[in-house]
Each structure stands twice: as structure tokens, then as C-alpha cells.
>>> print(open('upload_14.csv').read())   # CSV, C-alpha atoms
chain,number,residue,atom,x,y,z
Z,583,MET,CA,-37.9,-27.0,-36.0
Z,584,HIS,CA,-38.7,-23.6,-34.6
Z,585,HIS,CA,-35.8,-21.8,-33.0
Z,586,TRP,CA,-36.3,-19.3,-30.2
Z,587,PHE,CA,-33.5,-16.9,-30.9
Z,588,ARG,CA,-31.7,-15.2,-33.8
Z,589,TYR,CA,-28.2,-13.9,-33.6
Z,590,PRO,CA,-28.7,-10.2,-32.6
Z,591,HIS,CA,-25.9,-8.6,-34.7
Z,592,VAL,CA,-24.7,-6.1,-32.0
Z,593,ASN,CA,-22.0,-3.8,-33.2
Z,594,PRO,CA,-18.8,-4.9,-31.5
Z,595,ILE,CA,-17.7,-1.3,-31.4
Z,596,ALA,CA,-19.4,0.5,-28.5
Z,597,ILE,CA,-18.1,4.0,-29.3
Z,598,PRO,CA,-16.8,4.4,-33.0
Z,599,PHE,CA,-14.1,6.8,-33.9
Z,600,HIS,CA,-10.9,6.6,-36.1
Z,601,ILE,CA,-7.4,7.4,-34.9
Z,602,GLY,CA,-4.7,5.6,-36.8
Z,603,PRO,CA,-5.3,1.9,-36.5
Z,604,PHE,CA,-7.9,2.4,-33.8
Z,605,ASP,CA,-11.6,2.3,-34.9
Z,606,GLY,CA,-13.2,3.0,-31.6
Z,607,VAL,CA,-13.9,1.7,-28.1
Z,608,HIS,CA,-14.9,-2.0,-28.3
Z,609,TRP,CA,-17.2,-3.9,-26.0
Z,610,TYR,CA,-14.2,-6.2,-25.5
Z,611,GLY,CA,-12.1,-3.4,-24.0
Z,612,ILE,CA,-15.1,-2.3,-21.8
Z,613,SER,CA,-15.5,-5.8,-20.4
Z,614,TYR,CA,-11.9,-5.9,-19.4
Z,615,LEU,CA,-12.2,-2.4,-17.8
Z,616,VAL,CA,-15.3,-3.4,-15.8
Z,617,GLY,CA,-13.5,-6.6,-14.7
Z,618,PHE,CA,-10.5,-4.6,-13.4
Z,619,VAL,CA,-12.7,-2.0,-11.7
Z,620,VAL,CA,-14.8,-4.5,-9.7
Z,621,VAL,CA,-11.6,-6.3,-8.7
Z,622,TYR,CA,-10.1,-3.0,-7.5
Z,623,LEU,CA,-13.2,-2.0,-5.6
Z,624,TRP,CA,-13.2,-5.3,-3.8
Z,625,MET,CA,-9.5,-5.2,-3.0
Z,626,SER,CA,-9.6,-1.6,-1.9
Z,627,ARG,CA,-12.4,-1.9,0.6
Z,628,HIS,CA,-11.4,-1.4,4.2
Z,629,ALA,CA,-11.2,-5.2,5.1
Z,630,GLY,CA,-9.3,-5.9,1.9
Z,631,ARG,CA,-6.7,-3.2,2.6
Z,632,LEU,CA,-6.3,-4.5,6.1
Z,633,ARG,CA,-5.7,-8.0,5.0
Z,634,LEU,CA,-3.4,-7.1,2.2
Z,635,GLY,CA,-1.6,-4.4,4.2
Z,636,LEU,CA,-1.7,-2.1,1.1
Z,637,THR,CA,-2.8,1.4,0.5
Z,638,ARG,CA,-5.2,2.2,-2.3
Z,639,GLU,CA,-2.3,3.6,-4.3
Z,640,GLN,CA,-0.4,0.3,-3.9
Z,641,ILE,CA,-3.4,-1.7,-5.0
Z,642,GLN,CA,-3.7,0.5,-8.1
Z,643,ASP,CA,0.0,-0.2,-8.7
Z,644,PHE,CA,-0.7,-3.9,-8.5
Z,645,LEU,CA,-3.5,-3.6,-11.0
Z,646,VAL,CA,-1.1,-2.0,-13.5
Z,647,TYR,CA,1.1,-5.0,-13.1
Z,648,ALA,CA,-1.9,-7.3,-13.6
Z,649,LEU,CA,-3.0,-5.3,-16.7
Z,650,VAL,CA,0.3,-5.7,-18.4
Z,651,GLY,CA,0.4,-9.4,-17.5
Z,652,VAL,CA,-3.1,-10.0,-18.9
Z,653,LEU,CA,-2.3,-8.1,-22.2
Z,654,VAL,CA,1.1,-9.6,-22.8
Z,655,GLY,CA,0.2,-13.1,-21.7
Z,656,GLY,CA,-3.2,-13.2,-23.2
Z,657,ARG,CA,-2.1,-11.9,-26.6
Z,658,THR,CA,1.0,-14.0,-26.8
Z,659,PHE,CA,-0.9,-17.2,-26.1
Z,660,PHE,CA,-3.6,-16.2,-28.6
Z,661,VAL,CA,-1.1,-15.4,-31.4
Z,662,ILE,CA,0.8,-18.7,-30.8
Z,663,ASN,CA,-2.5,-20.7,-30.8
Z,664,ASP,CA,-3.8,-18.9,-33.8
Z,665,ILE,CA,-0.7,-19.6,-35.8
Z,666,ILE,CA,-0.6,-23.3,-34.8
Z,667,SER,CA,-4.3,-23.9,-35.5
Z,668,LYS,CA,-4.6,-21.9,-38.7
Z,669,HIS,CA,-1.0,-22.5,-40.0
Z,670,ASP,CA,-0.9,-18.9,-41.2
Z,671,ALA,CA,2.0,-17.0,-39.7
Z,672,SER,CA,2.0,-14.6,-42.7
Z,673,PHE,CA,-1.1,-12.8,-41.4
Z,674,TYR,CA,1.0,-11.5,-38.5
Z,675,PHE,CA,4.4,-11.1,-40.2
Z,676,GLN,CA,3.0,-9.3,-43.2
Z,677,ASN,CA,1.4,-6.7,-40.9
Z,678,PRO,CA,3.2,-6.8,-37.6
Z,679,ILE,CA,0.6,-4.5,-35.9
Z,680,ASN,CA,-1.6,-7.7,-35.8
Z,681,PHE,CA,0.7,-9.1,-33.1
Z,682,ILE,CA,-0.5,-6.4,-30.6
Z,683,ALA,CA,-4.0,-5.6,-32.0
Z,684,VAL,CA,-5.8,-6.4,-28.8
Z,685,TRP,CA,-8.4,-3.7,-29.7
Z,686,ASN,CA,-9.8,-6.1,-32.3
Z,687,GLY,CA,-10.2,-8.9,-29.8
Z,688,GLY,CA,-8.2,-12.0,-29.6
Z,689,MET,CA,-7.0,-12.9,-26.1
Z,690,ALA,CA,-6.3,-16.3,-24.6
Z,691,PHE,CA,-7.6,-16.7,-21.1
Z,692,HIS,CA,-5.0,-19.1,-19.9
Z,693,GLY,CA,-2.2,-16.9,-21.3
Z,694,GLY,CA,-3.7,-13.9,-19.4
Z,695,MET,CA,-3.8,-16.0,-16.3
Z,696,VAL,CA,-0.2,-16.9,-16.6
Z,697,GLY,CA,0.6,-13.2,-17.2
Z,698,VAL,CA,-1.2,-12.3,-14.0
Z,699,ILE,CA,0.6,-15.0,-12.0
Z,700,VAL,CA,3.9,-13.6,-13.2
Z,701,ALA,CA,2.7,-10.1,-12.3
Z,702,ILE,CA,1.8,-11.2,-8.8
Z,703,VAL,CA,5.2,-12.8,-8.3
Z,704,LEU,CA,6.9,-9.6,-9.4
Z,705,PHE,CA,4.6,-7.4,-7.2
Z,706,LEU,CA,5.3,-9.6,-4.1
Z,707,ARG,CA,9.0,-8.9,-4.5
Z,708,LYS,CA,8.3,-5.2,-3.8
Z,709,HIS,CA,6.1,-6.0,-0.7
Z,710,LYS,CA,7.8,-8.3,1.7
Z,711,GLY,CA,5.5,-10.1,4.0
Z,712,LEU,CA,2.6,-10.2,1.6
Z,713,THR,CA,2.0,-13.7,0.4
Z,714,PHE,CA,0.8,-15.2,-2.9
Z,715,SER,CA,-2.1,-16.9,-1.0
Z,716,VAL,CA,-3.5,-13.7,0.6
Z,717,LEU,CA,-3.2,-11.6,-2.6
Z,718,GLY,CA,-4.7,-14.4,-4.7
Z,719,ASP,CA,-7.7,-14.7,-2.3
Z,720,GLU,CA,-8.5,-11.0,-2.7
Z,721,VAL,CA,-8.0,-11.0,-6.5
Z,722,VAL,CA,-10.3,-13.9,-7.4
Z,723,VAL,CA,-13.5,-13.1,-5.5
Z,724,LEU,CA,-15.1,-10.9,-8.1
Z,725,LEU,CA,-13.1,-12.2,-11.0
Z,726,PRO,CA,-16.1,-14.3,-12.3
Z,727,ILE,CA,-17.9,-11.0,-13.2
Z,728,GLY,CA,-15.2,-9.9,-15.6
Z,729,ILE,CA,-14.8,-13.3,-17.1
Z,730,ALA,CA,-18.5,-13.7,-17.7
Z,731,LEU,CA,-18.7,-10.3,-19.3
Z,732,THR,CA,-15.9,-11.2,-21.6
Z,733,ARG,CA,-17.8,-14.3,-22.7
Z,734,VAL,CA,-20.8,-12.2,-23.5
Z,735,VAL,CA,-18.6,-10.0,-25.6
Z,736,ASN,CA,-17.3,-13.1,-27.4
Z,737,PHE,CA,-20.9,-13.7,-28.3
Z,738,ILE,CA,-21.3,-10.1,-29.5
Z,739,ASN,CA,-18.1,-10.4,-31.6
Z,740,ASP,CA,-19.5,-13.5,-33.3
Z,741,GLU,CA,-16.4,-15.6,-32.2
Z,742,LEU,CA,-15.7,-18.8,-30.2
Z,743,TRP,CA,-18.9,-20.4,-31.6
Z,744,GLY,CA,-20.3,-23.6,-30.4
Z,745,ASP,CA,-20.5,-26.9,-32.2
Z,746,VAL,CA,-23.3,-27.6,-34.7
Z,747,CYS,CA,-26.5,-28.8,-33.0
Z,748,HIS,CA,-27.2,-32.5,-33.5
Z,749,PRO,CA,-30.2,-32.7,-33.6
Z,750,ASP,CA,-31.0,-29.0,-33.7
Z,751,ARG,CA,-32.1,-27.5,-30.3
Z,752,PRO,CA,-34.6,-24.6,-30.2
Z,753,TRP,CA,-32.1,-22.4,-28.3
Z,754,CYS,CA,-29.4,-22.8,-30.9
Z,755,MET,CA,-28.8,-20.1,-33.6
Z,756,LYS,CA,-26.9,-19.3,-36.8
Z,757,PHE,CA,-23.6,-17.4,-36.4
Z,758,PRO,CA,-22.8,-15.4,-39.5
Z,759,LEU,CA,-19.0,-15.6,-39.1
Z,760,ALA,CA,-18.9,-19.3,-38.2
Z,761,PRO,CA,-16.9,-21.6,-40.5
Z,762,ASP,CA,-20.2,-22.7,-42.2
Z,763,GLY,CA,-21.0,-19.1,-43.1
Z,764,GLY,CA,-24.1,-19.0,-40.9
Z,765,THR,CA,-25.9,-21.8,-42.6
Z,766,LEU,CA,-26.0,-24.2,-39.7
Z,767,TYR,CA,-27.4,-23.9,-36.2
Z,768,ARG,CA,-24.9,-23.9,-33.4
Z,769,HIS,CA,-24.8,-23.9,-29.7
Z,770,PRO,CA,-24.3,-20.4,-28.2
Z,771,SER,CA,-21.4,-21.8,-26.2
Z,772,GLN,CA,-20.2,-18.3,-25.2
Z,773,ILE,CA,-23.4,-17.8,-23.3
Z,774,TYR,CA,-23.2,-21.3,-21.8
Z,775,GLU,CA,-19.7,-20.4,-20.5
Z,776,ALA,CA,-20.8,-17.0,-19.2
Z,777,ILE,CA,-23.5,-18.7,-17.2
Z,778,LEU,CA,-21.1,-21.3,-15.8
Z,779,ASP,CA,-18.6,-18.6,-14.9
Z,780,ILE,CA,-21.1,-16.4,-13.0
Z,781,LEU,CA,-22.4,-19.4,-11.1
Z,782,THR,CA,-19.0,-19.6,-9.4
Z,783,LEU,CA,-19.4,-16.1,-8.0
Z,784,PRO,CA,-21.8,-17.0,-5.0
Z,785,VAL,CA,-19.6,-20.0,-4.3
Z,786,VAL,CA,-16.4,-18.0,-4.0
Z,787,LEU,CA,-18.2,-15.3,-1.9
Z,788,TYR,CA,-19.5,-18.0,0.4
Z,789,LEU,CA,-16.0,-19.5,0.8
Z,790,TYR,CA,-14.5,-16.1,1.4
Z,791,LYS,CA,-17.0,-15.3,4.2
Z,792,ARG,CA,-16.1,-18.6,5.9
Z,793,ARG,CA,-12.6,-17.1,6.7
Z,794,LEU,CA,-10.8,-20.2,5.5
Z,795,PRO,CA,-7.0,-20.6,5.5
Z,796,ASP,CA,-5.0,-18.3,3.2
Z,797,GLY,CA,-5.1,-19.5,-0.4
Z,798,VAL,CA,-8.1,-21.8,-0.1
Z,799,VAL,CA,-10.4,-19.3,-1.8
Z,800,ALA,CA,-7.9,-18.6,-4.7
Z,801,TRP,CA,-7.3,-22.3,-5.3
Z,802,SER,CA,-11.0,-23.1,-5.1
Z,803,TRP,CA,-11.8,-20.6,-7.8
Z,804,PHE,CA,-8.9,-22.0,-9.8
Z,805,THR,CA,-10.3,-25.5,-9.5
Z,806,MET,CA,-13.9,-24.4,-10.3
Z,807,TYR,CA,-12.7,-22.5,-13.4
Z,808,GLY,CA,-11.0,-25.7,-14.6
Z,809,ILE,CA,-14.3,-27.6,-14.1
Z,810,THR,CA,-16.6,-25.0,-15.8
Z,811,ARG,CA,-14.2,-24.5,-18.7
Z,812,SER,CA,-13.9,-28.2,-19.3
Z,813,ILE,CA,-17.7,-28.5,-19.3
Z,814,ALA,CA,-18.2,-25.5,-21.6
Z,815,GLU,CA,-15.7,-27.0,-24.1
Z,816,MET,CA,-18.2,-29.9,-24.6
Z,817,TRP,CA,-20.2,-27.5,-26.8
Z,818,ARG,CA,-17.5,-25.1,-28.0
Z,819,HIS,CA,-16.1,-25.5,-31.6
Z,820,ALA,CA,-12.6,-26.7,-31.1
Z,821,ASP,CA,-9.7,-25.5,-33.2
Z,822,PHE,CA,-8.0,-28.8,-32.6
Z,823,VAL,CA,-8.7,-32.0,-30.7
Z,824,TRP,CA,-6.2,-34.4,-29.2
Z,825,TYR,CA,-7.5,-37.9,-28.4
Z,826,GLY,CA,-10.9,-36.5,-27.9
Z,827,ILE,CA,-9.7,-33.7,-25.7
Z,828,THR,CA,-10.1,-30.1,-27.0
Z,829,GLY,CA,-7.4,-27.5,-26.9
Z,830,GLY,CA,-9.2,-25.7,-24.1
Z,831,GLN,CA,-9.6,-28.8,-22.0
Z,832,LEU,CA,-5.9,-29.5,-22.4
Z,833,TYR,CA,-5.4,-26.3,-20.4
Z,834,ALA,CA,-8.4,-26.6,-18.1
Z,835,LEU,CA,-8.2,-30.2,-16.9
Z,836,PRO,CA,-4.8,-29.8,-15.2
Z,837,MET,CA,-6.2,-26.8,-13.4
Z,838,ILE,CA,-8.6,-29.1,-11.5
Z,839,VAL,CA,-5.7,-31.3,-10.3
Z,840,ILE,CA,-3.4,-28.4,-9.5
Z,841,GLY,CA,-6.2,-26.5,-7.7
Z,842,ALA,CA,-7.1,-29.5,-5.6
Z,843,ILE,CA,-3.5,-29.9,-4.5
Z,844,GLY,CA,-3.3,-26.1,-3.8
Z,845,ILE,CA,-6.4,-26.4,-1.6
Z,846,TYR,CA,-5.0,-29.4,0.3
Z,847,VAL,CA,-1.6,-27.6,0.9
Z,848,CYS,CA,-3.3,-24.5,2.2
Z,849,VAL,CA,-5.7,-26.3,4.5
Z,850,ARG,CA,-2.8,-28.3,5.9
Z,851,ALA,CA,-0.8,-25.1,6.5
Z,852,GLY,CA,-3.8,-23.6,8.3
Z,853,THR,CA,-2.5,-20.1,8.2
Z,854,ARG,CA,-5.1,-17.3,8.3
Z,855,THR,CA,-4.2,-13.6,7.8
Z,856,ASP,CA,-6.8,-11.0,8.7
Z,857,VAL,CA,-4.7,-7.9,9.3
Z,858,ARG,CA,-1.3,-6.9,8.0
Z,859,THR,CA,0.4,-3.7,8.8
Z,860,ILE,CA,-0.2,-1.1,6.0
Z,861,ARG,CA,3.1,0.3,4.8
Z,862,SER,CA,3.0,3.6,2.9
>>> encode(input="upload_14.csv", output="C-alpha cells")
Amino acid sequence: MHHWFRYPHVNPIAIPFHIGPFDGVHWYGISYLVGFVVVYLWMSRHAGRLRLGLTREQIQDFLVYALVGVLVGGRTFFVINDIISKHDASFYFQNPINFIAVWNGGMAFHGGMVGVIVAIVLFLRKHKGLTFSVLGDEVVVLLPIGIALTRVVNFINDELWGDVCHPDRPWCMKFPLAPDGGTLYRHPSQIYEAILDILTLPVVLYLYKRRLPDGVVAWSWFTMYGITRSIAEMWRHADFVWYGITGGQLYALPMIVIGAIGIYVCVRAGTRTDVRTIRS
């Protein structure tokens, strides 16, 4: 069968240099940077600042909280999952720098999300009157851009491959670093997931413009991510499977239920915040 694409072999290092353990600026880091920048630009626009009641400097302060939460949570979950799935704790304990080597990639989305939720809770303690629902609404609107870019970088890094095509599909390709050593055609599941993620963007924007009760937009995105991730896992190579459910689906499927409950609670509350006094 003729296949349409070949794996492009893009260098995962966008700007190479060597300083100690660092070998350059990776596309992985750039995708995170772009994600944080677009979220900041959205939150710091005039309407966003009015609704949040925060100055640009306070929004920047929040993003520092969020960045720490993403790095700590994402890396912690990744390392735990990696040790469980590969049964090789020695890789980390023999060279402890691997515990924090985020510059080489290796972040768990759900861990990063938990880290951001903790960061939001801590940030709200400093800003009385600002609610989780309002802050969440503003954070998630452009989040699909950053997540989709990260999935594209997963493709560049030749990681998180898809399952073997049965039968081969013309859009599948061989991944050199896959477990089979690049001998079998696999689904480009990273690209599938990137497409699914970016498709949620217009939906979230539409819901935001409807001026729905506080928290509905945030929980709607939460629910949609659970759905899109569960779908994408159908083609993604799983590190482990439990009764037909992949590890990713074990995290994603509960998001659908939790998100639906969150939407219901917020709609019932019916609270809508458009302006909050900005405190310097």
C-alpha cells in the first residue's frame, strides 16, 4: 500500500547550544512559552482585567504560580507513570537530574492540570473576592492553542506514538523511536489529538461570548478535553491497559463526569461576574 507521508525527522532542538546539562532551546519549551503567552494576552485584555479585577502585574504573578504548578505537577506525574510503566526506577536514582529534566521533554498533562488547580487555589488566597469559576473561565479560553502545539511537538520529538495500523492506512507512518524500531506503520496519534484539541477552541470562544454563568466555560472545556482525550487514546499506543481502558482514559473519562457536574452546579447558581474592582 502506498503511504502519503514519511516521518519528517525535525530536530527537537530549535536553538542548539551547550551549557552544563542544557543542550539548547527545545520546541517543547517553545510550545509551553507560546501557550503561556496567549493565555496572558487573553487574560490581560481590558475586558479580562475588568472581570478578574486584577492588574497586568497581578496576572503575571498568577502565571508564575501556574508555571510552577505545571512544571512540578506535570513532571511529578510523568516520573511516577514512567517508573510504574517501565519498572525502571534506576534511570532516575542513578542520575537524579533526570527527575527534573523537563528540557528533554516528559510532562504528564493531567499532572500539570492538577498543578495549575493547586496554583489557582493558592493564588485565590491572596485575592479575596476573586472566585475559582471566574479565574478558570479566563484561563481556559485559549488553552487549546497551547495544548495543540504541545501535541505537535510530541510528534516532532518522536514520542507518544499511535498504535500499529491494522490494516495499514495511507496516512500512517513509521516512527523511528517507536518500540518496533520504525519497522511498522503507526497512527500519527499526536496529530490526531492536536486536531481534536484545536477543534475545541471555537466552541470555547462561542460559549465565552454567550456570557454564561461563572464557571460554565471552564467546566465546558474540562468536559470537552475529557472527551477528546478519550477519543484520541483509541489510536495512541498505551503504556498500560486496565480492562480495555488505557492509562490516559483512566484520567480522561472521569473528567467528563466531573465537568458535567461542574456545569450543572454553575448553571444552577446562575452567578455572572462582568466587573470586579481592580485592586493594586
>>> residues_around(input="upload_14.csv", residues="Leu724 of chain Z", least_positions_apart="5", cutoff="8 Å", atoms="only C-alpha atoms", output="ChimeraX atom specification")
/Z:620-621,624,783
>>> write_last_selection(input="upload_14.csv", atoms="C-alpha atoms", output="short mmCIF file (atom, residue, chain, number, x, y, z; two decimals), in the coordinates of the input")
data_model
loop_
_atom_site.label_atom_id
_atom_site.label_comp_id
_atom_site.auth_asym_id
_atom_site.auth_seq_id
_atom_site.Cartn_x
_atom_site.Cartn_y
_atom_site.Cartn_z
CA VAL Z 620 -14.80 -4.50 -9.70
CA VAL Z 621 -11.60 -6.30 -8.70
CA TRP Z 624 -13.20 -5.30 -3.80
CA LEU Z 783 -19.40 -16.10 -8.00
#
>>> closest_residue(input="upload_14.csv", among="Z:Pro590, Z:Gly830, Z:Pro761, Z:Gly635", to="Val857 of chain Z", atoms="all atoms listed in the file")
Z:Gly635
>>> closest_residue(input="upload_14.csv", among="Z:Arg638, Z:Arg854, Z:Arg793, Z:His769", to="Ser626 of chain Z", atoms="all atoms listed in the file")
Z:Arg638
>>> residues_around(input="upload_14.csv", residues="segment 603-610 of chain Z", least_positions_apart="3", cutoff="7 Å", atoms="all atoms listed in the file", output="number ranges by chain")
Z: 594-600, 613-614, 685, 687, 732, 735
>>> closest_residue(input="upload_14.csv", among="Z:Arg657, Z:Lys791, Z:His709, Z:Arg588", to="Thr637 of chain Z", atoms="all atoms listed in the file")
Z:His709
>>> atom_distance(input="upload_14.csv", atom1="atom CA of Ser715 of chain Z", atom2="atom CA of Tyr846 of chain Z")
12.9 Å
>>> closest_residue(input="upload_14.csv", among="Z:Val799, Z:Phe681, Z:Tyr589, Z:Phe714", to="Met755 of chain Z", atoms="all atoms listed in the file")
Z:Tyr589
